[in-house]
2 protein chains.
Amino acid sequence: MKQPTLKDLAKHLLLSTSTVSRALTNDKNVRRETREQVQEAAQRLGYKPNRVARNLKSGRSYTIGVIVPEMVTPFASSVLEGIQDAIADDGYHVIIAQSGEDPKIERKNLMMMQQALVDGVIISACHQTYNLDLCREFQYNGIPLVFYDRILSGLDAPRVMVNDYTKSMLMMEHLIHLGRKKIVHLQAPDYIYNSVERSRAYRDAHTKFGLNFDPALLVRAGLTFEDGRNAAARLLIAEKSFDAIFAFTDTLAIGAMNYLREKGLRIPQDVAIASFSGTALSTIVHPQLTTVEQPLHEMGVKAANLLLRLIDGVELIENRIVLDATLQYRGSTILPAEERIV
Amino acid sequence: MKQPTLKDLAKHLLLSTSTVSRALTNDKNVRRETREQVQEAAQRLGYKPNRVARNLKSGRSYTIGVIVPEMVTPFASSVLEGIQDAIADDGYHVIIAQSGEDPKIERKNLMMMQQALVDGVIISACHQTYNLDLCREFQYNGIPLVFYDRILSGLDAPRVMVNDYTKSMLMMEHLIHLGRKKIVHLQAPDYIYNSVERSRAYRDAHTKFGLNFDPALLVRAGLTFEDGRNAAARLLIAEKSFDAIFAFTDTLAIGAMNYLREKGLRIPQDVAIASFSGTALSTIVHPQLTTVEQPLHEMGVKAANLLLRLIDGVELIENRIVLDATLQYRGSTILPAEERIV
DNA sequence: CTGAAAGCGCTAACAA
DNA sequence: TTGTTAGCGCTTTCAG
């Protein structure tokens with residue numbers, strides 16, 4: 001037999017559907033005896049409330065959408081765990097979509113979320129402006145949007161991120177204190193908000209610490225391992241001399257590092273490499289990467305909490321959360337022997 | 001104003017809801033003129049069909065659940081892309097849950113899927129038997145289940161996987177042909193189906209190629225990078241001599257490799273390392289990993305196609321799909337100079 | 001070709 | 001405390 005419905009239960013118990021419904025939702029207006037009777041029968045007949053019906057009634061789907069730019073690195077995975085942890089108790093489900101760093105796919109994903117009637121969306125955008133219009137439309141239609149890590153410029157939306165500028169500055173300081181003078185920056189495309197911030201810190205660090213800024217060392221790299229390799233290759237071909245790299249993210253750093261090592265350069269002796277991200281990738285390569293580690297799980301939790309409150313119609317006083325990232329000094333900038341010095 | 005409903009549209013056009021509905025679903029029983037009129041108005045007023053209502057009507061949720069054991073490696077990510085590609089056109093959505101290699105969480109995930117009223121589930125199980133009962137219940141309740149990679153033993157369910165045994169045997173052959181005689185196998189816990197298969201091949205290879213089987217070289221390792229490191233450490237402490245490692249998966253291989261390198265061993269000269277998996281991880285470490293590369297995207301596509309057909313009530317003649325994995329020979333077993341020889 | 005009406009499973013205002 | 005009734009937004013007979 002099919003899944004029993006509320007009506008079936010009611011018929012079986014010779015009660016009205018409303019009473020049964022009330023008994024099942026722990027409404028106080030039910031005699032205890034009745035409630036127990038109903039719950040026992042529900043148990044026995046294997047009754048499961050039909051969420052779809054419930055959703056239609058409530059006008060909610062109890063589903064939130066999460067759109068991530070990529071899942072090649074475990075970045076999104078950690079954030080997702082945080083999100084799941086934060087929402088599980090509230091009976092929400094998560095629909096996940098990956099955009100593959102392609103704003104067009106991101107757009108499709110957003111529209112898919114709309115179709116799926118999500119109650120809200122958590123998103124890390126792969127382009128600073130491309131889907132601005134759609135996001136505005138979401139807000140206009142009352143579907144709250146929360147950003148993490150990669151935000152849209154020009155949209156006043158709740159967000160959870162780290163301080164890209166400050167932490168990048170600290171990382172530059174680290175490299176400079178190590179005595180590095182010709183530091184390359186592998187930057188992401190500037191349609192990514194964080195890229196702008198991190199490279200701004202890179203430039204400002206030169207002024208702040210009295211280093212000569214050489215535009216040729218500011219390299220527009222991309223986002224993938226391959227992009228990192230290519231950027232490193234171009235630097236070698238151009239015969240630019242450099243003694244350190246500060247990369248936008250782990251993938252770029254790893255790509256570049258592997259290439260340089262293949263070409264016989266020693267890390268960190270010849271070239272120190274620092275990154276920004278905080279995924280497990282930074283510890284599985286050799287040498288391990290010095291990096292700005294973001295609290296990814298917490299980022300997910302915070303984003304989800306923001307979203308839940310927005311869904312409940314709470315007016316947020318503070319909707320821009322800045323989390324603290326920590327610098328991890330590892331083998332890609334420091335030789336084991338030096339470790340204690342830092 | 002709120003999202004307009006079908007009723008709003010109908011009122012606006014002075015038509016009945018049924019006609020509007022028909023026009024929108026391209027039912028043939030509508031005058032072309034009317035249809036165009038309706039569609040134009042729908043467009044203009046920004047009408048979006050309410051899926052929840054539609055679902056309630058159809059008894060389907062047009063959502064499928066995907067349960068993955070972990071998302072630290074990009075394994076699941078690739079499979080997911082395949083799944084998304086396969087289902088997008090059919091209007092299905094995906095709910096994803098990660099079990100973190102914990103069968104208890106996997107159980108919660110399964111129950112969550114049930115709650116979410118998914119039309120079917122694609123799962124890679126983290127334990128061979130733990131959730132057998134629940135999976136049976138799914139099947140009994142008519143919610144189809146498709147497995148990929150990691151299956152349940154004792155459950156006759158559709159599945160998509162590679163031939164673990166054969167490919168492991170080939171990998172062993174590769175190591176043996178390289179002249180390796182004392183090959184370690186880092187195996188996963190034996191509550192994982194594939195682990196049993198791969199280690200069976202490991203043992204059989206000894207017989208087949210006339211190698212001495214030393215039980216001490218068959219190491220129960222685990223699943224994580226850390227497990228790989230620990231296993232390698234134990235081997236060194238035990239002062240077992242070995243000249244190759246065949247690991248259950250990339251994480252173990254990488255963990256072990258990094259540890260051995262830190263201890264001054266040369267890869268592959270002192271120890272050749274081979275793995276089984278096929279994620280991007282194998283190419284970002286140094287040296288790159290020789291591995292059995294699985295067609296992950298295809299795995300996702302195939303699994304999704306199976307599931308869709310099951311949801312549609314199609315009787316499957318062939319519900320066990322075995323995909324072809326390819327051996328990738330890389331720096332962890334072969335020195336660059338030798339590459340052409342293979 | 002179009003409209004009226006019923007109903008998917010559930011909740012909730014209103015009555016009793 | 002319980003039942004009656006209406007309705008969430010849509011599809012789909014059944015009449016016209």
# chains A, B, ... in the order shown; residues from 1 in each chain; ligands from 1

$ closest_atom_pairs --of "chain A" --to "chain B" --cutoff "8 Å" --atoms "only C-alpha atoms" --output "JSON lines"
{"residue": "A:Lys2", "atom": "CA", "partner": "B:Asn141", "partner_atom": "CA", "distance": 7.9}
{"residue": "A:Gln3", "atom": "CA", "partner": "B:Asn141", "partner_atom": "CA", "distance": 8.0}
{"residue": "A:Lys48", "atom": "CA", "partner": "B:Gln115", "partner_atom": "CA", "distance": 7.9}
{"residue": "A:Asn50", "atom": "CA", "partner": "B:Leu117", "partner_atom": "CA", "distance": 7.6}
{"residue": "A:Arg51", "atom": "CA", "partner": "B:Ala116", "partner_atom": "CA", "distance": 6.7}
{"residue": "A:Val52", "atom": "CA", "partner": "B:Leu56", "partner_atom": "CA", "distance": 5.8}
{"residue": "A:Ala53", "atom": "CA", "partner": "B:Leu56", "partner_atom": "CA", "distance": 6.0}
{"residue": "A:Asn55", "atom": "CA", "partner": "B:Val52", "partner_atom": "CA", "distance": 7.0}
{"residue": "A:Leu56", "atom": "CA", "partner": "B:Val52", "partner_atom": "CA", "distance": 5.8}
{"residue": "A:Ser61", "atom": "CA", "partner": "B:Val52", "partner_atom": "CA", "distance": 7.5}
{"residue": "A:Met71", "atom": "CA", "partner": "B:Ser77", "partner_atom": "CA", "distance": 5.7}
{"residue": "A:Val72", "atom": "CA", "partner": "B:Pro74", "partner_atom": "CA", "distance": 4.9}
{"residue": "A:Thr73", "atom": "CA", "partner": "B:Pro74", "partner_atom": "CA", "distance": 6.6}
{"residue": "A:Pro74", "atom": "CA", "partner": "B:Val72", "partner_atom": "CA", "distance": 4.9}
{"residue": "A:Ser77", "atom": "CA", "partner": "B:Met71", "partner_atom": "CA", "distance": 5.7}
{"residue": "A:Glu81", "atom": "CA", "partner": "B:Gln98", "partner_atom": "CA", "distance": 7.9}
{"residue": "A:His93", "atom": "CA", "partner": "B:Ala116", "partner_atom": "CA", "distance": 7.4}
{"residue": "A:Val94", "atom": "CA", "partner": "B:Ile95", "partner_atom": "CA", "distance": 5.9}
{"residue": "A:Ile95", "atom": "CA", "partner": "B:Ile95", "partner_atom": "CA", "distance": 4.7}
{"residue": "A:Ile96", "atom": "CA", "partner": "B:Ile96", "partner_atom": "CA", "distance": 6.4}
{"residue": "A:Gln98", "atom": "CA", "partner": "B:Glu81", "partner_atom": "CA", "distance": 7.8}
{"residue": "A:Gln115", "atom": "CA", "partner": "B:Arg51", "partner_atom": "CA", "distance": 6.8}
{"residue": "A:Ala116", "atom": "CA", "partner": "B:Arg51", "partner_atom": "CA", "distance": 6.6}
{"residue": "A:Leu117", "atom": "CA", "partner": "B:Arg51", "partner_atom": "CA", "distance": 7.0}
{"residue": "A:Asn141", "atom": "CA", "partner": "B:Lys2", "partner_atom": "CA", "distance": 7.3}
{"residue": "A:Phe225", "atom": "CA", "partner": "B:Ile284", "partner_atom": "CA", "distance": 7.6}
{"residue": "A:Ile254", "atom": "CA", "partner": "B:Ile284", "partner_atom": "CA", "distance": 7.0}
{"residue": "A:Gly255", "atom": "CA", "partner": "B:Ile284", "partner_atom": "CA", "distance": 7.2}
{"residue": "A:Asn258", "atom": "CA", "partner": "B:His286", "partner_atom": "CA", "distance": 6.9}
{"residue": "A:Ala280", "atom": "CA", "partner": "B:Val72", "partner_atom": "CA", "distance": 7.6}
{"residue": "A:Ile284", "atom": "CA", "partner": "B:Ile254", "partner_atom": "CA", "distance": 7.0}
{"residue": "A:Val285", "atom": "CA", "partner": "B:Val285", "partner_atom": "CA", "distance": 5.4}
{"residue": "A:His286", "atom": "CA", "partner": "B:His286", "partner_atom": "CA", "distance": 6.8}

$ calpha_fit_and_write --fixed "chain B" --moving "chain A" --output "compact mmCIF listing (two decimals) with C-alpha atoms, in the first residue's frame"
# COMPACT_ATOMS: atom_id res chain seq x y z
CA MET A 1 2.90 42.95 -5.81
CA LYS A 2 3.44 39.28 -5.13
CA GLN A 3 4.26 36.71 -7.75
CA PRO A 4 1.12 36.38 -9.87
CA THR A 5 -0.55 32.99 -9.84
CA LEU A 6 -2.38 31.15 -12.53
CA LYS A 7 -5.61 32.42 -11.11
CA ASP A 8 -4.44 36.01 -11.29
CA LEU A 9 -3.53 35.50 -14.90
CA ALA A 10 -6.89 33.94 -15.64
CA LYS A 11 -8.78 36.75 -13.98
CA HIS A 12 -6.72 39.28 -15.82
CA LEU A 13 -7.44 37.63 -19.16
CA LEU A 14 -11.02 36.73 -18.41
CA LEU A 15 -10.26 33.09 -19.03
CA SER A 16 -10.52 30.02 -16.88
CA THR A 17 -7.50 28.75 -15.01
CA SER A 18 -7.56 25.53 -16.95
CA THR A 19 -7.29 27.28 -20.27
CA VAL A 20 -4.43 29.34 -19.00
CA SER A 21 -2.77 26.25 -17.61
CA ARG A 22 -3.18 24.49 -20.92
CA ALA A 23 -1.84 27.41 -22.86
CA LEU A 24 1.21 27.50 -20.66
CA THR A 25 1.92 23.80 -20.88
CA ASN A 26 1.56 23.83 -24.66
CA ASP A 27 -1.46 21.60 -24.61
CA LYS A 28 -2.77 21.21 -28.15
CA ASN A 29 -6.36 21.87 -27.11
CA VAL A 30 -5.99 25.61 -27.14
CA ARG A 31 -6.56 28.02 -29.93
CA ARG A 32 -3.28 29.36 -31.11
CA GLU A 33 -4.52 32.87 -30.68
CA THR A 34 -5.46 32.23 -27.07
CA ARG A 35 -2.18 30.56 -26.35
CA GLU A 36 -0.21 33.47 -27.66
CA GLN A 37 -2.33 35.89 -25.75
CA VAL A 38 -1.78 33.96 -22.54
CA GLN A 39 1.91 33.51 -23.01
CA GLU A 40 2.34 37.14 -23.80
CA ALA A 41 0.49 38.15 -20.64
CA ALA A 42 2.42 35.63 -18.56
CA GLN A 43 5.62 37.14 -19.85
CA ARG A 44 4.47 40.64 -19.18
CA LEU A 45 3.23 40.03 -15.65
CA GLY A 46 6.28 37.98 -14.81
CA TYR A 47 4.34 34.85 -14.12
CA LYS A 48 6.39 31.90 -12.90
CA PRO A 49 4.74 28.55 -12.36
CA ASN A 50 4.85 27.45 -8.76
CA ARG A 51 6.80 24.25 -8.76
CA VAL A 52 5.69 23.25 -5.31
CA ALA A 53 2.08 23.21 -6.38
CA ARG A 54 2.96 21.41 -9.54
CA ASN A 55 4.89 18.85 -7.55
CA LEU A 56 2.10 18.29 -5.10
CA LYS A 57 -0.14 17.59 -8.03
CA SER A 58 2.23 15.29 -9.83
CA GLY A 59 3.37 13.50 -6.72
CA ARG A 60 6.96 14.12 -7.71
CA SER A 61 9.42 16.59 -6.38
CA TYR A 62 11.63 16.68 -9.45
CA THR A 63 14.49 16.57 -7.07
CA ILE A 64 17.05 13.85 -6.78
CA GLY A 65 19.32 13.35 -3.84
CA VAL A 66 23.02 12.72 -4.08
CA ILE A 67 24.90 11.43 -1.08
CA VAL A 68 28.66 11.48 -1.22
CA PRO A 69 31.10 10.15 1.35
CA GLU A 70 33.36 13.18 1.29
CA MET A 71 34.18 16.29 -0.68
CA VAL A 72 37.74 16.90 0.42
CA THR A 73 38.98 15.41 -2.80
CA PRO A 74 37.47 16.54 -6.07
CA PHE A 75 36.20 13.03 -6.72
CA ALA A 76 32.59 13.77 -5.86
CA SER A 77 32.74 17.13 -7.53
CA SER A 78 33.47 15.55 -10.90
CA VAL A 79 30.75 12.96 -10.54
CA LEU A 80 28.33 15.68 -9.52
CA GLU A 81 29.09 17.65 -12.63
CA GLY A 82 28.21 14.60 -14.65
CA ILE A 83 24.97 14.19 -12.77
CA GLN A 84 24.01 17.81 -13.21
CA ASP A 85 24.77 17.64 -16.91
CA ALA A 86 22.58 14.59 -17.29
CA ILE A 87 19.54 15.84 -15.43
CA ALA A 88 19.48 19.55 -16.14
CA ASP A 89 17.39 19.19 -19.28
CA ASP A 90 14.75 17.16 -17.54
CA GLY A 91 14.00 19.88 -15.05
CA TYR A 92 15.41 18.03 -12.10
CA HIS A 93 17.24 19.54 -9.19
CA VAL A 94 19.89 18.03 -7.01
CA ILE A 95 20.12 17.98 -3.26
CA ILE A 96 23.60 17.08 -2.11
CA ALA A 97 24.71 15.80 1.24
CA GLN A 98 28.14 14.78 2.43
CA SER A 99 28.52 12.04 4.99
CA GLY A 100 32.06 12.74 6.07
CA GLU A 101 32.80 9.00 5.92
CA ASP A 102 30.50 8.52 8.88
CA PRO A 103 27.71 5.99 8.34
CA LYS A 104 25.63 7.61 11.06
CA ILE A 105 25.66 10.90 9.21
CA GLU A 106 24.97 9.00 6.04
CA ARG A 107 21.91 7.61 7.73
CA LYS A 108 20.76 11.08 8.68
CA ASN A 109 21.34 12.17 5.12
CA LEU A 110 19.24 9.35 3.78
CA MET A 111 16.42 10.21 6.11
CA MET A 112 16.73 13.84 5.16
CA MET A 113 16.37 12.84 1.52
CA GLN A 114 13.27 10.91 2.37
CA GLN A 115 11.90 13.98 4.12
CA ALA A 116 12.72 16.10 1.14
CA LEU A 117 10.65 13.73 -0.96
CA VAL A 118 13.34 13.13 -3.52
CA ASP A 119 12.30 11.10 -6.51
CA GLY A 120 15.43 9.03 -6.30
CA VAL A 121 18.88 8.88 -4.79
CA ILE A 122 22.38 8.50 -6.16
CA ILE A 123 24.77 7.39 -3.49
CA SER A 124 28.33 6.37 -2.90
CA ALA A 125 28.15 4.57 0.41
CA CYS A 126 30.65 5.01 3.17
CA HIS A 127 29.89 1.65 4.72
CA GLN A 128 29.14 -1.65 3.07
CA THR A 129 26.31 -2.71 5.35
CA TYR A 130 25.48 -0.09 7.95
CA ASN A 131 22.54 1.46 6.11
CA LEU A 132 21.40 -1.62 4.29
CA ASP A 133 18.05 -1.61 6.06
CA LEU A 134 17.28 1.98 5.16
CA CYS A 135 18.25 1.43 1.56
CA ARG A 136 15.97 -1.58 1.42
CA GLU A 137 13.23 0.62 2.80
CA PHE A 138 13.81 3.12 0.02
CA GLN A 139 13.50 0.44 -2.58
CA TYR A 140 10.43 -0.95 -0.87
CA ASN A 141 8.83 2.47 -0.89
CA GLY A 142 9.51 2.85 -4.55
CA ILE A 143 12.27 5.42 -4.28
CA PRO A 144 14.94 4.19 -6.65
CA LEU A 145 18.53 4.06 -5.52
CA VAL A 146 21.59 4.07 -7.76
CA PHE A 147 25.07 3.49 -6.46
CA TYR A 148 28.33 4.71 -7.87
CA ASP A 149 31.83 3.77 -6.85
CA ARG A 150 31.07 2.47 -3.37
CA ILE A 151 28.23 0.01 -3.24
CA LEU A 152 26.43 -1.91 -0.55
CA SER A 153 27.08 -5.59 -0.37
CA GLY A 154 24.00 -7.74 -0.37
CA LEU A 155 21.77 -5.22 -2.06
CA ASP A 156 20.66 -5.76 -5.60
CA ALA A 157 20.66 -2.18 -6.75
CA PRO A 158 21.70 -0.48 -9.95
CA ARG A 159 25.29 0.66 -9.88
CA VAL A 160 28.00 2.32 -11.87
CA MET A 161 31.56 1.49 -11.07
CA VAL A 162 34.89 0.49 -12.49
CA ASN A 163 36.42 -2.92 -12.26
CA ASP A 164 38.38 -2.55 -9.07
CA TYR A 165 39.84 -6.00 -9.17
CA THR A 166 41.08 -6.03 -12.74
CA LYS A 167 42.54 -2.56 -12.65
CA SER A 168 44.25 -3.18 -9.35
CA MET A 169 45.75 -6.29 -10.82
CA LEU A 170 47.08 -4.28 -13.75
CA MET A 171 48.58 -1.75 -11.42
CA MET A 172 50.30 -4.47 -9.45
CA GLU A 173 51.62 -5.85 -12.68
CA HIS A 174 53.03 -2.43 -13.50
CA LEU A 175 54.88 -2.27 -10.20
CA ILE A 176 56.16 -5.80 -10.54
CA HIS A 177 57.36 -5.17 -14.07
CA LEU A 178 59.32 -2.26 -12.72
CA GLY A 179 61.16 -4.79 -10.65
CA ARG A 180 59.52 -4.04 -7.35
CA LYS A 181 59.44 -7.05 -5.08
CA LYS A 182 58.29 -5.82 -1.72
CA ILE A 183 55.08 -4.01 -2.39
CA VAL A 184 53.04 -2.53 0.40
CA HIS A 185 49.29 -2.22 0.08
CA LEU A 186 47.61 0.54 2.00
CA GLN A 187 44.09 -0.64 2.26
CA ALA A 188 40.95 1.12 3.32
CA PRO A 189 38.78 -0.26 6.10
CA ASP A 190 37.12 -3.44 4.94
CA TYR A 191 33.66 -2.09 5.53
CA ILE A 192 34.22 -0.47 2.16
CA TYR A 193 33.38 -2.78 -0.66
CA ASN A 194 36.04 -1.58 -3.06
CA SER A 195 38.70 -2.02 -0.44
CA VAL A 196 38.02 -5.72 -0.35
CA GLU A 197 38.25 -5.96 -4.12
CA ARG A 198 41.43 -3.98 -4.43
CA SER A 199 43.22 -5.84 -1.69
CA ARG A 200 42.06 -9.13 -3.11
CA ALA A 201 43.76 -8.17 -6.36
CA TYR A 202 46.84 -7.19 -4.38
CA ARG A 203 47.08 -10.67 -2.88
CA ASP A 204 46.23 -12.54 -6.04
CA ALA A 205 48.88 -10.60 -7.91
CA HIS A 206 51.47 -12.20 -5.69
CA THR A 207 50.40 -15.65 -6.73
CA LYS A 208 49.94 -14.71 -10.33
CA PHE A 209 53.34 -13.13 -10.72
CA GLY A 210 55.20 -15.43 -8.37
CA LEU A 211 55.87 -12.90 -5.66
CA ASN A 212 56.25 -13.76 -2.03
CA PHE A 213 53.27 -12.49 -0.04
CA ASP A 214 54.24 -10.91 3.24
CA PRO A 215 51.20 -10.18 5.43
CA ALA A 216 53.12 -7.43 7.19
CA LEU A 217 53.07 -5.42 3.98
CA LEU A 218 49.29 -5.45 3.84
CA VAL A 219 48.48 -2.44 5.94
CA ARG A 220 45.08 -1.43 7.16
CA ALA A 221 45.43 2.28 6.73
CA GLY A 222 42.18 4.26 6.60
CA LEU A 223 41.06 6.91 4.17
CA THR A 224 42.60 10.28 4.89
CA PHE A 225 45.88 12.03 4.15
CA GLU A 226 46.70 11.64 7.81
CA ASP A 227 45.98 7.92 7.68
CA GLY A 228 48.43 7.66 4.82
CA ARG A 229 51.10 9.47 6.79
CA ASN A 230 50.53 7.33 9.84
CA ALA A 231 50.68 4.12 7.89
CA ALA A 232 53.97 5.16 6.33
CA ALA A 233 55.31 6.12 9.73
CA ARG A 234 54.38 2.74 11.18
CA LEU A 235 56.13 0.99 8.34
CA LEU A 236 59.31 2.94 8.91
CA ILE A 237 59.19 2.36 12.63
CA ALA A 238 58.68 -1.35 12.13
CA GLU A 239 61.72 -1.19 9.91
CA LYS A 240 59.99 -3.22 7.28
CA SER A 241 61.82 -2.96 4.03
CA PHE A 242 59.64 -2.18 1.02
CA ASP A 243 60.19 -0.73 -2.42
CA ALA A 244 56.70 0.16 -3.55
CA ILE A 245 53.28 1.14 -2.31
CA PHE A 246 49.95 0.46 -3.90
CA ALA A 247 47.40 2.60 -2.11
CA PHE A 248 43.65 2.26 -2.01
CA THR A 249 43.19 5.86 -2.98
CA ASP A 250 44.87 9.20 -3.70
CA THR A 251 44.61 10.54 -0.19
CA LEU A 252 46.43 7.57 1.33
CA ALA A 253 49.04 7.63 -1.40
CA ILE A 254 49.72 11.33 -1.01
CA GLY A 255 49.86 11.16 2.77
CA ALA A 256 52.32 8.30 2.64
CA MET A 257 54.39 9.85 -0.12
CA ASN A 258 54.81 13.13 1.67
CA TYR A 259 55.83 11.42 4.85
CA LEU A 260 58.39 9.24 3.15
CA ARG A 261 59.87 12.20 1.33
CA GLU A 262 60.16 14.12 4.55
CA LYS A 263 62.09 11.19 5.91
CA GLY A 264 64.50 11.46 3.02
CA LEU A 265 63.29 8.63 0.84
CA ARG A 266 63.30 9.22 -2.89
CA ILE A 267 60.16 8.64 -4.91
CA PRO A 268 60.20 6.58 -7.07
CA GLN A 269 63.84 5.44 -6.73
CA ASP A 270 63.52 4.14 -3.19
CA VAL A 271 59.80 3.64 -3.12
CA ALA A 272 57.46 3.66 -6.09
CA ILE A 273 53.93 4.78 -5.31
CA ALA A 274 50.79 3.86 -7.15
CA SER A 275 47.25 4.83 -6.36
CA PHE A 276 43.67 4.33 -7.38
CA SER A 277 41.23 7.14 -7.95
CA GLY A 278 41.67 9.66 -10.67
CA THR A 279 41.15 13.06 -9.12
CA ALA A 280 43.08 16.19 -9.89
CA LEU A 281 45.00 15.65 -6.68
CA SER A 282 47.19 13.07 -8.32
CA THR A 283 48.65 15.65 -10.67
CA ILE A 284 49.24 18.50 -8.26
CA VAL A 285 51.60 16.67 -5.95
CA HIS A 286 55.25 16.14 -6.68
CA PRO A 287 56.08 13.77 -8.15
CA GLN A 288 52.76 13.25 -9.84
CA LEU A 289 50.98 10.06 -8.90
CA THR A 290 50.69 6.99 -10.99
CA THR A 291 47.08 6.06 -10.56
CA VAL A 292 44.07 4.23 -11.90
CA GLU A 293 42.01 7.03 -13.33
CA GLN A 294 38.26 6.57 -13.21
CA PRO A 295 35.97 8.32 -15.69
CA LEU A 296 34.26 10.37 -13.01
CA HIS A 297 32.16 12.65 -15.14
CA GLU A 298 30.89 9.71 -17.15
CA MET A 299 30.18 7.88 -13.94
CA GLY A 300 27.87 10.70 -12.91
CA VAL A 301 26.14 10.83 -16.27
CA LYS A 302 25.55 7.10 -16.34
CA ALA A 303 24.29 6.99 -12.78
CA ALA A 304 21.89 9.84 -13.41
CA ASN A 305 20.58 8.24 -16.58
CA LEU A 306 19.95 5.00 -14.77
CA LEU A 307 18.12 6.85 -12.05
CA LEU A 308 15.97 8.87 -14.40
CA ARG A 309 14.84 5.73 -16.14
CA LEU A 310 14.06 4.07 -12.84
CA ILE A 311 12.04 7.07 -11.77
CA ASP A 312 10.08 6.79 -14.97
CA GLY A 313 9.35 3.22 -14.08
CA VAL A 314 11.43 1.66 -16.82
CA GLU A 315 12.47 -1.90 -16.17
CA LEU A 316 16.22 -2.02 -16.56
CA ILE A 317 17.70 -5.04 -18.24
CA GLU A 318 21.23 -4.08 -17.49
CA ASN A 319 21.55 -2.25 -14.20
CA ARG A 320 25.19 -2.86 -13.45
CA ILE A 321 27.41 -0.62 -15.48
CA VAL A 322 31.13 -1.18 -15.40
CA LEU A 323 33.16 1.68 -16.80
CA ASP A 324 36.66 1.46 -18.03
CA ALA A 325 39.36 3.04 -15.90
CA THR A 326 42.73 3.85 -17.38
CA LEU A 327 46.14 3.51 -15.81
CA GLN A 328 48.13 6.72 -15.76
CA TYR A 329 51.84 6.19 -15.39
CA ARG A 330 53.47 9.15 -13.77
CA GLY A 331 56.47 10.28 -11.81
CA SER A 332 55.68 8.44 -8.62
CA THR A 333 56.59 5.14 -10.24
CA ILE A 334 58.59 6.16 -13.28
CA LEU A 335 61.51 8.51 -13.66
CA PRO A 336 61.05 11.01 -16.49
CA ALA A 337 63.85 9.36 -18.44
CA GLU A 338 62.05 6.06 -18.39
CA GLU A 339 58.76 7.44 -19.49
CA ARG A 340 59.06 6.55 -23.12
CA ILE A 341 59.80 2.96 -22.27
CA VAL A 342 56.35 2.28 -20.92

$ select_by_dssp --residues "stretch 109-268 of chain A" --states "strand (DSSP E)" --output "list in words"
Gly120, Val121, Ile122, Ile123, Leu145, Val146, Phe147, Tyr148, Arg159, Val160, Met161, Val162, Ile183, Val184, His185, Leu186, Gln187, Leu218, Val219, Arg220, Ala244, Ile245, Phe246 and Ala247 of chain A

$ select_by_dssp --residues "stretch 204-252 of chain A" --states "helix (DSSP H, G or I)" --output "VMD selection string"
chain A and resid 204 to 208 215 to 217 225 to 237 250 to 252

$ interface_residues --of "chain D" --to "chain A" --cutoff "12 Å" --atoms "only C-alpha atoms (C1' of nucleotides)" --output "list in words"
DT1, DT2, DG3, DT4, DT5, DG7, DC8, DG9 and DC10 of chain D

$ closest_atom_pairs --of "chain C" --to "chain A" --cutoff "12 Å" --atoms "only C-alpha atoms (C1' of nucleotides)" --output "JSON lines"
{"residue": "C:DC8", "atom": "C1'", "partner": "A:Ala53", "partner_atom": "CA", "distance": 8.0}
{"residue": "C:DG9", "atom": "C1'", "partner": "A:Ala53", "partner_atom": "CA", "distance": 5.0}
{"residue": "C:DC10", "atom": "C1'", "partner": "A:Arg54", "partner_atom": "CA", "distance": 5.3}
{"residue": "C:DT11", "atom": "C1'", "partner": "A:Lys57", "partner_atom": "CA", "distance": 6.7}
{"residue": "C:DA12", "atom": "C1'", "partner": "A:Ser18", "partner_atom": "CA", "distance": 8.8}
{"residue": "C:DA13", "atom": "C1'", "partner": "A:Ser18", "partner_atom": "CA", "distance": 11.8}

$ decode --residues "stretch 312-333 of chain A" --atoms "C-alpha atoms" --output "compact mmCIF listing (two decimals), in the first residue's frame"
# COMPACT_ATOMS: atom_id res chain seq x y z
CA ASP A 312 12.20 34.82 9.05
CA GLY A 313 11.92 38.46 8.19
CA VAL A 314 14.27 39.72 10.87
CA GLU A 315 15.75 43.11 10.19
CA LEU A 316 19.49 42.73 10.46
CA ILE A 317 21.41 45.51 12.10
CA GLU A 318 24.76 44.10 11.23
CA ASN A 319 24.73 42.27 7.93
CA ARG A 320 28.39 42.40 7.05
CA ILE A 321 30.36 39.88 9.00
CA VAL A 322 34.12 39.94 8.80
CA LEU A 323 35.79 36.83 10.12
CA ASP A 324 39.33 36.57 11.24
CA ALA A 325 41.72 34.67 9.02
CA THR A 326 45.01 33.40 10.38
CA LEU A 327 48.38 33.31 8.69
CA GLN A 328 49.92 29.86 8.56
CA TYR A 329 53.66 29.90 8.08
CA ARG A 330 54.83 26.76 6.39
CA GLY A 331 57.59 25.26 4.33
CA SER A 332 56.94 27.21 1.18
CA THR A 333 58.33 30.35 2.77
